[in-house]
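Below: coords.csv (CSV, C-alpha atoms)
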chain,number,residue,atom,x,y,z
B,1,MET,CA,0.0,0.0,0.0
B,2,GLY,CA,3.0,2.3,0.4
B,3,GLU,CA,2.6,5.5,2.6
B,4,ARG,CA,-0.3,6.0,5.0
B,5,PRO,CA,-3.2,7.3,2.9
B,6,THR,CA,-4.9,10.5,4.0
B,7,VAL,CA,-8.4,9.0,3.4
B,8,ALA,CA,-9.8,5.6,4.4
B,9,ILE,CA,-12.9,4.1,3.0
B,10,VAL,CA,-15.8,2.4,4.8
B,11,THR,CA,-18.7,0.6,3.0
B,12,ASP,CA,-21.2,-2.2,3.5
B,13,SER,CA,-21.3,-5.9,2.5
B,14,THR,CA,-23.8,-5.3,-0.3
B,15,ALA,CA,-20.9,-4.0,-2.4
B,16,CYS,CA,-19.8,-7.6,-2.8
B,17,ILE,CA,-16.1,-6.6,-3.0
B,18,PRO,CA,-13.9,-9.7,-2.8
B,19,GLY,CA,-12.3,-10.0,0.6
B,20,GLU,CA,-8.7,-10.0,-0.6
B,21,VAL,CA,-9.4,-6.8,-2.7
B,22,ALA,CA,-10.9,-5.0,0.3
B,23,ALA,CA,-8.0,-6.0,2.5
B,24,HIS,CA,-5.5,-4.8,-0.1
B,25,TYR,CA,-7.0,-1.3,-0.1
B,26,GLY,CA,-7.8,-1.3,3.7
B,27,ILE,CA,-11.5,-0.9,3.0
B,28,GLU,CA,-13.7,-1.5,6.1
B,29,ILE,CA,-16.7,-3.6,5.3
B,30,VAL,CA,-19.7,-3.3,7.6
B,31,PRO,CA,-21.9,-6.4,7.4
B,32,VAL,CA,-25.6,-6.3,6.9
B,33,HIS,CA,-27.7,-8.5,9.2
B,34,LEU,CA,-29.4,-11.7,7.8
B,35,ILE,CA,-32.1,-13.2,10.0
B,36,VAL,CA,-32.9,-16.9,9.4
B,37,GLY,CA,-35.0,-19.0,11.7
B,38,GLY,CA,-34.8,-16.5,14.5
B,39,ARG,CA,-31.0,-16.3,14.3
B,40,THR,CA,-29.0,-13.3,13.1
B,41,TYR,CA,-25.9,-13.8,10.9
B,42,ALA,CA,-23.3,-11.3,9.5
B,43,ASP,CA,-23.5,-11.0,5.8
B,44,SER,CA,-20.4,-12.1,3.9
B,45,LEU,CA,-19.0,-13.6,0.7
B,46,THR,CA,-18.4,-17.3,1.3
B,47,ALA,CA,-16.8,-20.1,-0.7
B,48,ASP,CA,-20.0,-22.1,-0.8
B,49,THR,CA,-23.6,-20.9,-0.3
B,50,SER,CA,-25.3,-23.9,-1.9
B,51,GLU,CA,-27.0,-24.9,1.4
B,52,PHE,CA,-28.3,-21.3,1.9
B,53,TYR,CA,-29.8,-21.2,-1.6
B,54,GLU,CA,-31.3,-24.7,-1.3
B,55,ARG,CA,-33.1,-23.6,1.9
B,56,LEU,CA,-34.2,-20.4,0.0
B,57,ARG,CA,-35.7,-22.5,-2.7
B,58,THR,CA,-37.5,-25.0,-0.5
B,59,SER,CA,-38.4,-23.3,2.8
B,60,SER,CA,-41.7,-21.5,3.3
B,61,GLU,CA,-39.9,-19.3,5.8
B,62,ARG,CA,-38.1,-16.4,4.1
B,63,PRO,CA,-35.0,-14.9,5.5
B,64,THR,CA,-35.1,-11.2,6.4
B,65,THR,CA,-32.5,-8.6,6.4
B,66,ALA,CA,-31.6,-5.5,8.6
B,67,ALA,CA,-29.3,-2.6,8.1
B,68,PRO,CA,-26.2,-2.4,10.3
B,69,SER,CA,-26.7,-0.3,13.5
B,70,PRO,CA,-25.1,3.1,13.8
B,71,GLY,CA,-22.8,1.6,16.4
B,72,MET,CA,-21.4,-0.8,13.8
B,73,TYR,CA,-20.6,2.1,11.5
B,74,VAL,CA,-19.1,4.0,14.4
B,75,GLU,CA,-16.7,1.1,15.1
B,76,ALA,CA,-15.8,0.8,11.4
B,77,ILE,CA,-15.1,4.5,11.2
B,78,GLY,CA,-12.9,4.3,14.3
B,79,ARG,CA,-10.8,1.5,12.8
B,80,ALA,CA,-10.5,3.4,9.5
B,81,ALA,CA,-9.5,6.6,11.4
B,82,ARG,CA,-6.5,4.8,13.0
B,83,ARG,CA,-5.1,4.4,9.5
B,84,ALA,CA,-5.9,7.8,7.9
B,85,GLU,CA,-6.6,11.4,8.6
B,86,SER,CA,-10.1,11.4,7.0
B,87,VAL,CA,-12.8,8.8,6.4
B,88,LEU,CA,-15.3,8.5,3.5
B,89,VAL,CA,-18.3,6.2,4.1
B,90,ILE,CA,-20.0,4.9,0.9
B,91,THR,CA,-23.3,3.2,1.2
B,92,VAL,CA,-25.6,1.1,-1.0
B,93,SER,CA,-28.2,3.3,-2.7
B,94,ALA,CA,-30.4,5.1,-0.2
B,95,GLN,CA,-33.3,4.2,-2.5
B,96,PHE,CA,-33.0,0.5,-1.7
B,97,SER,CA,-31.9,0.4,2.0
B,98,ALA,CA,-31.8,2.2,5.4
B,99,MET,CA,-28.0,1.8,5.5
B,100,HIS,CA,-27.5,5.4,4.4
B,101,ASP,CA,-29.5,6.7,7.3
B,102,SER,CA,-27.7,4.4,9.7
B,103,ALA,CA,-24.3,5.6,8.5
B,104,ARG,CA,-25.5,9.2,8.7
B,105,ALA,CA,-26.5,8.7,12.4
B,106,ALA,CA,-23.1,7.1,13.1
B,107,ILE,CA,-21.3,10.1,11.5
B,108,ASP,CA,-23.3,12.5,13.7
B,109,LEU,CA,-22.3,10.5,16.8
B,110,VAL,CA,-18.6,10.5,15.8
B,111,ARG,CA,-18.7,14.3,15.2
B,112,ALA,CA,-20.5,14.9,18.6
B,113,GLU,CA,-17.9,12.8,20.4
B,114,SER,CA,-14.9,14.7,18.9
B,115,ALA,CA,-12.9,16.7,21.4
B,116,PRO,CA,-13.9,20.4,21.5
B,117,GLY,CA,-11.4,22.6,19.7
B,118,SER,CA,-9.6,19.6,18.1
B,119,GLY,CA,-11.4,20.0,14.7
B,120,GLY,CA,-12.5,16.4,15.0
B,121,LEU,CA,-12.2,13.7,12.4
B,122,ASP,CA,-13.1,14.7,8.9
B,123,VAL,CA,-15.7,12.1,8.0
B,124,ARG,CA,-17.9,12.3,4.9
B,125,LEU,CA,-20.9,10.3,3.6
B,126,LEU,CA,-21.7,9.4,0.0
B,127,ASP,CA,-24.7,7.6,-1.5
B,128,SER,CA,-23.3,5.3,-4.2
B,129,ARG,CA,-26.7,5.3,-5.9
B,130,ASN,CA,-26.0,1.7,-6.8
B,131,ALA,CA,-25.7,-1.8,-5.4
B,132,ALA,CA,-23.5,-4.9,-5.7
B,133,MET,CA,-20.2,-4.4,-7.6
B,134,ALA,CA,-21.7,-1.3,-9.3
B,135,GLN,CA,-21.4,0.1,-5.7
B,136,GLY,CA,-18.2,-1.9,-5.3
B,137,PHE,CA,-16.5,-0.2,-8.2
B,138,VAL,CA,-17.4,3.3,-6.8
B,139,VAL,CA,-15.7,2.2,-3.5
B,140,LEU,CA,-12.7,0.7,-5.3
B,141,GLU,CA,-12.0,3.8,-7.3
B,142,ALA,CA,-12.3,6.0,-4.2
B,143,ALA,CA,-9.8,3.7,-2.4
B,144,ARG,CA,-7.4,3.8,-5.3
B,145,VAL,CA,-7.5,7.5,-5.5
B,146,ALA,CA,-7.0,7.7,-1.7
B,147,ALA,CA,-4.1,5.2,-1.9
B,148,ALA,CA,-2.4,7.6,-4.4
B,149,GLY,CA,-2.4,10.3,-1.8
B,150,ALA,CA,-5.5,12.3,-2.8
B,151,SER,CA,-7.3,14.7,-0.4
B,152,ILE,CA,-10.7,13.9,1.0
B,153,ASP,CA,-12.3,16.4,-1.4
B,154,GLU,CA,-10.6,14.7,-4.4
B,155,VAL,CA,-11.6,11.3,-3.2
B,156,VAL,CA,-15.2,12.4,-2.8
B,157,ALA,CA,-15.2,14.0,-6.2
B,158,ARG,CA,-14.0,10.8,-7.9
B,159,ALA,CA,-16.5,8.7,-6.1
B,160,GLU,CA,-19.3,11.0,-7.0
B,161,ALA,CA,-18.3,10.9,-10.6
B,162,MET,CA,-18.2,7.1,-10.5
B,163,THR,CA,-21.8,6.8,-9.3
B,164,SER,CA,-23.1,7.7,-12.8
B,165,ASP,CA,-20.4,5.7,-14.7
B,166,VAL,CA,-21.2,2.3,-13.4
B,167,THR,CA,-23.9,-0.1,-14.7
B,168,LEU,CA,-25.5,-3.2,-13.2
B,169,LEU,CA,-27.5,-5.7,-15.2
B,170,ALA,CA,-29.0,-8.9,-13.7
B,171,MET,CA,-30.9,-11.9,-15.0
B,172,LEU,CA,-33.3,-13.4,-12.5
B,173,ASP,CA,-35.1,-16.7,-12.5
B,174,THR,CA,-38.1,-14.9,-11.1
B,175,LEU,CA,-39.0,-11.4,-9.8
B,176,SER,CA,-40.9,-13.0,-6.9
B,177,PHE,CA,-38.1,-12.4,-4.4
B,178,LEU,CA,-37.7,-8.7,-5.4
B,179,ALA,CA,-41.4,-8.4,-5.2
B,180,LYS,CA,-41.5,-9.7,-1.7
B,181,SER,CA,-38.8,-7.3,-0.7
B,182,GLY,CA,-40.9,-4.4,-2.1
B,183,ARG,CA,-38.5,-3.5,-4.8
B,184,VAL,CA,-40.9,-4.2,-7.8
B,185,PRO,CA,-44.7,-4.3,-8.0
B,186,ARG,CA,-46.1,-7.7,-7.1
B,187,VAL,CA,-48.1,-7.8,-10.3
B,188,ALA,CA,-44.9,-7.7,-12.3
B,189,ALA,CA,-43.6,-10.8,-10.5
B,190,TRP,CA,-46.9,-12.6,-11.2
B,191,PHE,CA,-46.8,-11.6,-14.9
B,192,VAL,CA,-43.3,-12.8,-15.4
B,193,GLY,CA,-44.0,-16.1,-13.6
B,194,VAL,CA,-47.0,-16.9,-15.9
B,195,LEU,CA,-45.1,-16.2,-19.1
B,196,GLN,CA,-42.1,-18.3,-17.9
B,197,VAL,CA,-39.7,-15.6,-19.1
B,198,LYS,CA,-36.2,-14.7,-17.7
B,199,PRO,CA,-36.2,-11.0,-17.0
B,200,ILE,CA,-33.0,-9.0,-17.4
B,201,VAL,CA,-33.2,-6.1,-15.0
B,202,ARG,CA,-31.2,-2.8,-14.9
B,203,PHE,CA,-30.5,-1.4,-11.5
B,204,GLY,CA,-30.3,2.3,-11.7
B,205,ALA,CA,-29.6,5.2,-9.3
B,206,THR,CA,-33.3,5.7,-8.5
B,207,LYS,CA,-35.2,2.6,-9.7
B,208,ILE,CA,-35.1,-0.9,-11.0
B,209,LYS,CA,-36.4,-1.4,-14.5
B,210,LEU,CA,-36.9,-4.2,-17.0
B,211,ALA,CA,-34.2,-4.2,-19.7
B,212,ALA,CA,-35.3,-7.3,-21.7
B,213,ARG,CA,-37.4,-10.4,-21.5
B,214,THR,CA,-36.1,-13.8,-22.8
B,215,ARG,CA,-37.6,-17.3,-22.9
B,216,SER,CA,-34.6,-19.2,-21.4
B,217,ARG,CA,-31.5,-18.8,-19.3
B,218,GLU,CA,-29.3,-19.4,-22.4
B,219,ARG,CA,-31.0,-16.6,-24.3
B,220,ALA,CA,-30.8,-14.3,-21.3
B,221,LEU,CA,-27.1,-14.9,-21.0
B,222,ASP,CA,-26.6,-14.2,-24.7
B,223,LYS,CA,-28.7,-11.0,-24.4
B,224,MET,CA,-26.8,-9.8,-21.4
B,225,ALA,CA,-23.5,-10.3,-23.3
B,226,ALA,CA,-24.9,-8.4,-26.3
B,227,LEU,CA,-26.1,-5.5,-24.2
B,228,PHE,CA,-22.6,-5.4,-22.5
B,229,ALA,CA,-20.8,-5.4,-25.8
B,230,GLU,CA,-23.0,-2.7,-27.2
B,231,ALA,CA,-22.6,-0.5,-24.1
B,232,THR,CA,-18.8,-0.8,-23.8
B,233,ALA,CA,-18.1,-0.4,-27.5
B,234,GLY,CA,-14.6,-1.8,-27.3
B,235,ARG,CA,-13.4,0.7,-24.6
B,236,PRO,CA,-11.2,-0.5,-21.7
B,237,VAL,CA,-13.7,-1.8,-19.2
B,238,HIS,CA,-13.7,-3.0,-15.5
B,239,VAL,CA,-16.2,-5.8,-15.0
B,240,ALA,CA,-17.6,-8.0,-12.3
B,241,VAL,CA,-19.8,-11.0,-12.8
B,242,HIS,CA,-22.2,-11.9,-9.9
B,243,HIS,CA,-24.1,-15.1,-9.4
B,244,ALA,CA,-26.4,-16.6,-6.9
B,245,ASN,CA,-25.5,-20.3,-6.9
B,246,ALA,CA,-24.9,-20.3,-10.6
B,247,SER,CA,-21.2,-20.4,-11.1
B,248,ALA,CA,-21.1,-22.1,-14.5
B,249,ASP,CA,-23.3,-19.4,-16.0
B,250,ALA,CA,-21.1,-16.7,-14.4
B,251,ASP,CA,-18.0,-18.2,-15.9
B,252,ARG,CA,-19.7,-18.3,-19.3
B,253,LEU,CA,-20.8,-14.7,-19.1
B,254,LEU,CA,-17.3,-13.5,-18.1
B,255,ALA,CA,-15.8,-15.4,-21.1
B,256,ALA,CA,-18.3,-13.7,-23.4
B,257,ALA,CA,-17.5,-10.3,-21.9
B,258,GLN,CA,-13.8,-10.8,-22.3
B,259,GLY,CA,-14.2,-11.9,-25.9
B,260,SER,CA,-16.2,-8.7,-26.8
B,261,THR,CA,-14.1,-5.9,-25.5
B,262,HIS,CA,-10.8,-4.9,-23.8
B,263,VAL,CA,-11.3,-6.0,-20.1
B,264,VAL,CA,-8.7,-4.5,-17.9
B,265,GLU,CA,-10.1,-5.7,-14.5
B,266,SER,CA,-12.5,-8.6,-13.8
B,267,TYR,CA,-14.0,-10.5,-10.9
B,268,VAL,CA,-16.4,-13.4,-10.5
B,269,THR,CA,-18.2,-13.2,-7.2
B,270,GLU,CA,-21.1,-15.0,-5.6
B,271,PHE,CA,-23.7,-12.7,-4.2
B,272,THR,CA,-23.6,-12.3,-0.5
B,273,GLN,CA,-26.4,-14.0,1.4
B,274,VAL,CA,-28.2,-10.8,2.0
B,275,MET,CA,-28.2,-9.9,-1.7
B,276,GLY,CA,-29.3,-13.4,-2.6
B,277,ALA,CA,-32.2,-13.3,-0.1
B,278,HIS,CA,-33.5,-10.3,-2.1
B,279,THR,CA,-33.0,-11.7,-5.6
B,280,GLY,CA,-33.4,-15.4,-5.1
B,281,PRO,CA,-31.1,-18.2,-6.4
B,282,GLY,CA,-30.1,-18.4,-10.1
B,283,LEU,CA,-29.3,-14.8,-10.5
B,284,VAL,CA,-26.4,-13.9,-12.9
B,285,GLY,CA,-25.3,-10.2,-13.0
B,286,LEU,CA,-22.9,-7.9,-14.8
B,287,ALA,CA,-21.5,-4.8,-13.2
B,288,TRP,CA,-19.1,-2.6,-15.2
B,289,TRP,CA,-17.6,0.8,-15.9
B,290,CYS,CA,-15.7,2.0,-18.9
B,291,GLU,CA,-12.6,4.2,-19.0
B,292,GLY,CA,-12.9,7.3,-21.1
B,293,GLY,CA,-16.5,8.1,-20.5
B,294,GLU,CA,-19.9,6.9,-19.3
B,295,PRO,CA,-21.4,3.7,-20.6
B,296,ASN,CA,-24.1,3.9,-23.1
B,297,PRO,CA,-27.6,3.8,-21.6

Could you render the structure as structure tokens?
Amino acid sequence: MGERPTVAIVTDSTACIPGEVAAHYGIEIVPVHLIVGGRTYADSLTADTSEFYERLRTSSERPTTAAPSPGMYVEAIGRAARRAESVLVITVSAQFSAMHDSARAAIDLVRAESAPGSGGLDVRLLDSRNAAMAQGFVVLEAARVAAAGASIDEVVARAEAMTSDVTLLAMLDTLSFLAKSGRVPRVAAWFVGVLQVKPIVRFGATKIKLAARTRSRERALDKMAALFAEATAGRPVHVAVHHANASADADRLLAAAQGSTHVVESYVTEFTQVMGAHTGPGLVGLAWWCEGGEPNP
């Protein structure tokens, strides 16, 4: 990492950043809570979530999720502050979760507890306006700029610019899990189930919208690859492929992406359990950003 950075980054587990990458940049990850069968677990990326998704498929009892408490953010900010002069907290889209409010409350507590006359810790809050690795790429760019010695204002400016540069597409086996979480109208989930289509959904800064409908997983994967190739247009691209218990499809989608454009950074990650609880098993997603300009809509 070189010299001590002036800015440290805090984010939440919904960013789906691989653990070794977060560790390399010193990114503090605050886990979301997952409640299953009356027990609370810390959200994480694990090597094998097949048991979790099998339970999700077969159980009538659905897991629920809860945002981290302000106290968890206070602790993460404290750890980050030991390594840097300033802290930037980047959350999942405030449109989708209460995490932004929890982080704001934590920052208010940190500022209130700062010693009078000391100036206190310079801690900022940014809504990524995204989720999964679309959020993760905002976080990673902020961390990279910070590692290069940028000031807190420069780091915030880069992160803010990134919020509109990232794109997230996802193919779902069904919209029923999103419908139950309140993210799409219930009638949309019923309609998709009747027609037996595989929806491709675009997650944006303010809403989730349908990007395409296909009749099979194979066609959905091909359509996602085509949408990606069209949007990136041969430019250098940073890409992450997500999956929810669908690793073979994720590998196929990454290969297609790498064959269509100049990929300069790539990851394949399974969704964390909290993300999977909202989307259901079988999801395959693409998150990316292009160097040299915003991706095509």

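Of the listed residues B:Leu253, B:Ile200, B:Val237, B:Ala211, the one whose atoms come nearest to Glu291 in chain B is B:Val237, with distances taken using all atoms listed in the file.
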
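Nearest residue to Ser86 in chain B among B:Ala277, B:Ala23, B:Ala257, B:Leu121 is B:Leu121, counting all atoms listed in the file.
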
Handout entry: Computed interatomic separation between CA of Gln273 in chain B and CA of Ala134 in chain B (Å)
Key =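 About the pair CA of Gln273 in chain B and CA of Ala134 in chain B: they are 17.3 Å apart.
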
Practice task
Could you check which of B:Val139, B:Val92, B:Leu168, B:Val74 is closest to Glu113 in chain B, using all atoms listed in the file?
Solution key: B:Val74

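In this comparison, which uses only C-alpha atoms, the residue of B:Ala244, B:Met133, B:Ala143, B:Ala84 approaching Ser13 in chain B most closely is B:Met133.
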
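In this comparison, which uses all atoms listed in the file, the residue of B:Thr269, B:Leu169, B:Val197, B:Val274 approaching Ala231 in chain B most closely is B:Leu169.
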
Handout entry: Atomic distance CA of His243 in chain B - CA of Leu283 in chain B, expressed in Å with one decimal
Key = 5.3 Å

Exercise for the section: Mind giving me the straight-line distance from CA of Pro281 in chain B to CA of Gln95 in chain B in Å, one decimal? Expected result: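 That distance, rounded to one decimal, is 22.8 Å.
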
Handout entry: Selected residue of minimal separation from Pro236 in chain B among B:Val268, B:Ala212, B:Met162, B:Cys290, counting all atoms listed in the file
Key = B:Cys290

Exercise for the section: Find the residues with any atom within 12 Å of (-30.4, -7.7, -19.5); use all atoms listed in the file and the coordinates as given in the file, and write the answer as an MDAnalysis selection string. Expected result: chainID B and resid 167:172 198:203 208:214 217 219:231 253 283:287

Let me see the file: selected residues, C-alpha atoms, as a PDB file, in the frame of the given file.
ATOM      1  CA  THR B 167     -23.900  -0.100 -14.700  1.00  0.00           C
ATOM      2  CA  LEU B 168     -25.500  -3.200 -13.200  1.00  0.00           C
ATOM      3  CA  LEU B 169     -27.500  -5.700 -15.200  1.00  0.00           C
ATOM      4  CA  ALA B 170     -29.000  -8.900 -13.700  1.00  0.00           C
ATOM      5  CA  MET B 171     -30.900 -11.900 -15.000  1.00  0.00           C
ATOM      6  CA  LEU B 172     -33.300 -13.400 -12.500  1.00  0.00           C
ATOM      7  CA  LYS B 198     -36.200 -14.700 -17.700  1.00  0.00           C
ATOM      8  CA  PRO B 199     -36.200 -11.000 -17.000  1.00  0.00           C
ATOM      9  CA  ILE B 200     -33.000  -9.000 -17.400  1.00  0.00           C
ATOM     10  CA  VAL B 201     -33.200  -6.100 -15.000  1.00  0.00           C
ATOM     11  CA  ARG B 202     -31.200  -2.800 -14.900  1.00  0.00           C
ATOM     12  CA  PHE B 203     -30.500  -1.400 -11.500  1.00  0.00           C
ATOM     13  CA  ILE B 208     -35.100  -0.900 -11.000  1.00  0.00           C
ATOM     14  CA  LYS B 209     -36.400  -1.400 -14.500  1.00  0.00           C
ATOM     15  CA  LEU B 210     -36.900  -4.200 -17.000  1.00  0.00           C
ATOM     16  CA  ALA B 211     -34.200  -4.200 -19.700  1.00  0.00           C
ATOM     17  CA  ALA B 212     -35.300  -7.300 -21.700  1.00  0.00           C
ATOM     18  CA  ARG B 213     -37.400 -10.400 -21.500  1.00  0.00           C
ATOM     19  CA  THR B 214     -36.100 -13.800 -22.800  1.00  0.00           C
ATOM     20  CA  ARG B 217     -31.500 -18.800 -19.300  1.00  0.00           C
ATOM     21  CA  ARG B 219     -31.000 -16.600 -24.300  1.00  0.00           C
ATOM     22  CA  ALA B 220     -30.800 -14.300 -21.300  1.00  0.00           C
ATOM     23  CA  LEU B 221     -27.100 -14.900 -21.000  1.00  0.00           C
ATOM     24  CA  ASP B 222     -26.600 -14.200 -24.700  1.00  0.00           C
ATOM     25  CA  LYS B 223     -28.700 -11.000 -24.400  1.00  0.00           C
ATOM     26  CA  MET B 224     -26.800  -9.800 -21.400  1.00  0.00           C
ATOM     27  CA  ALA B 225     -23.500 -10.300 -23.300  1.00  0.00           C
ATOM     28  CA  ALA B 226     -24.900  -8.400 -26.300  1.00  0.00           C
ATOM     29  CA  LEU B 227     -26.100  -5.500 -24.200  1.00  0.00           C
ATOM     30  CA  PHE B 228     -22.600  -5.400 -22.500  1.00  0.00           C
ATOM     31  CA  ALA B 229     -20.800  -5.400 -25.800  1.00  0.00           C
ATOM     32  CA  GLU B 230     -23.000  -2.700 -27.200  1.00  0.00           C
ATOM     33  CA  ALA B 231     -22.600  -0.500 -24.100  1.00  0.00           C
ATOM     34  CA  LEU B 253     -20.800 -14.700 -19.100  1.00  0.00           C
ATOM     35  CA  LEU B 283     -29.300 -14.800 -10.500  1.00  0.00           C
ATOM     36  CA  VAL B 284     -26.400 -13.900 -12.900  1.00  0.00           C
ATOM     37  CA  GLY B 285     -25.300 -10.200 -13.000  1.00  0.00           C
ATOM     38  CA  LEU B 286     -22.900  -7.900 -14.800  1.00  0.00           C
ATOM     39  CA  ALA B 287     -21.500  -4.800 -13.200  1.00  0.00           C
TER      40      ALA B 287
END

Exercise for the section: Compile the contact shell of Glu270 in chain B as a ChimeraX atom specification: residues with an atom at most 12 Å away, counting all atoms listed in the file, same-chain residues fewer than 5 positions apart removed. Expected result: /B:14-19,44-50,53,132-133,240-251,275-276,281-286

Exercise for the section: Identify the residues within 6 Å of coordinate (-6.4, 7.2, 3.3) (same frame as the file), considering all atoms listed in the file, and give the answer as a ChimeraX atom specification. Expected result: /B:5-8,84,146
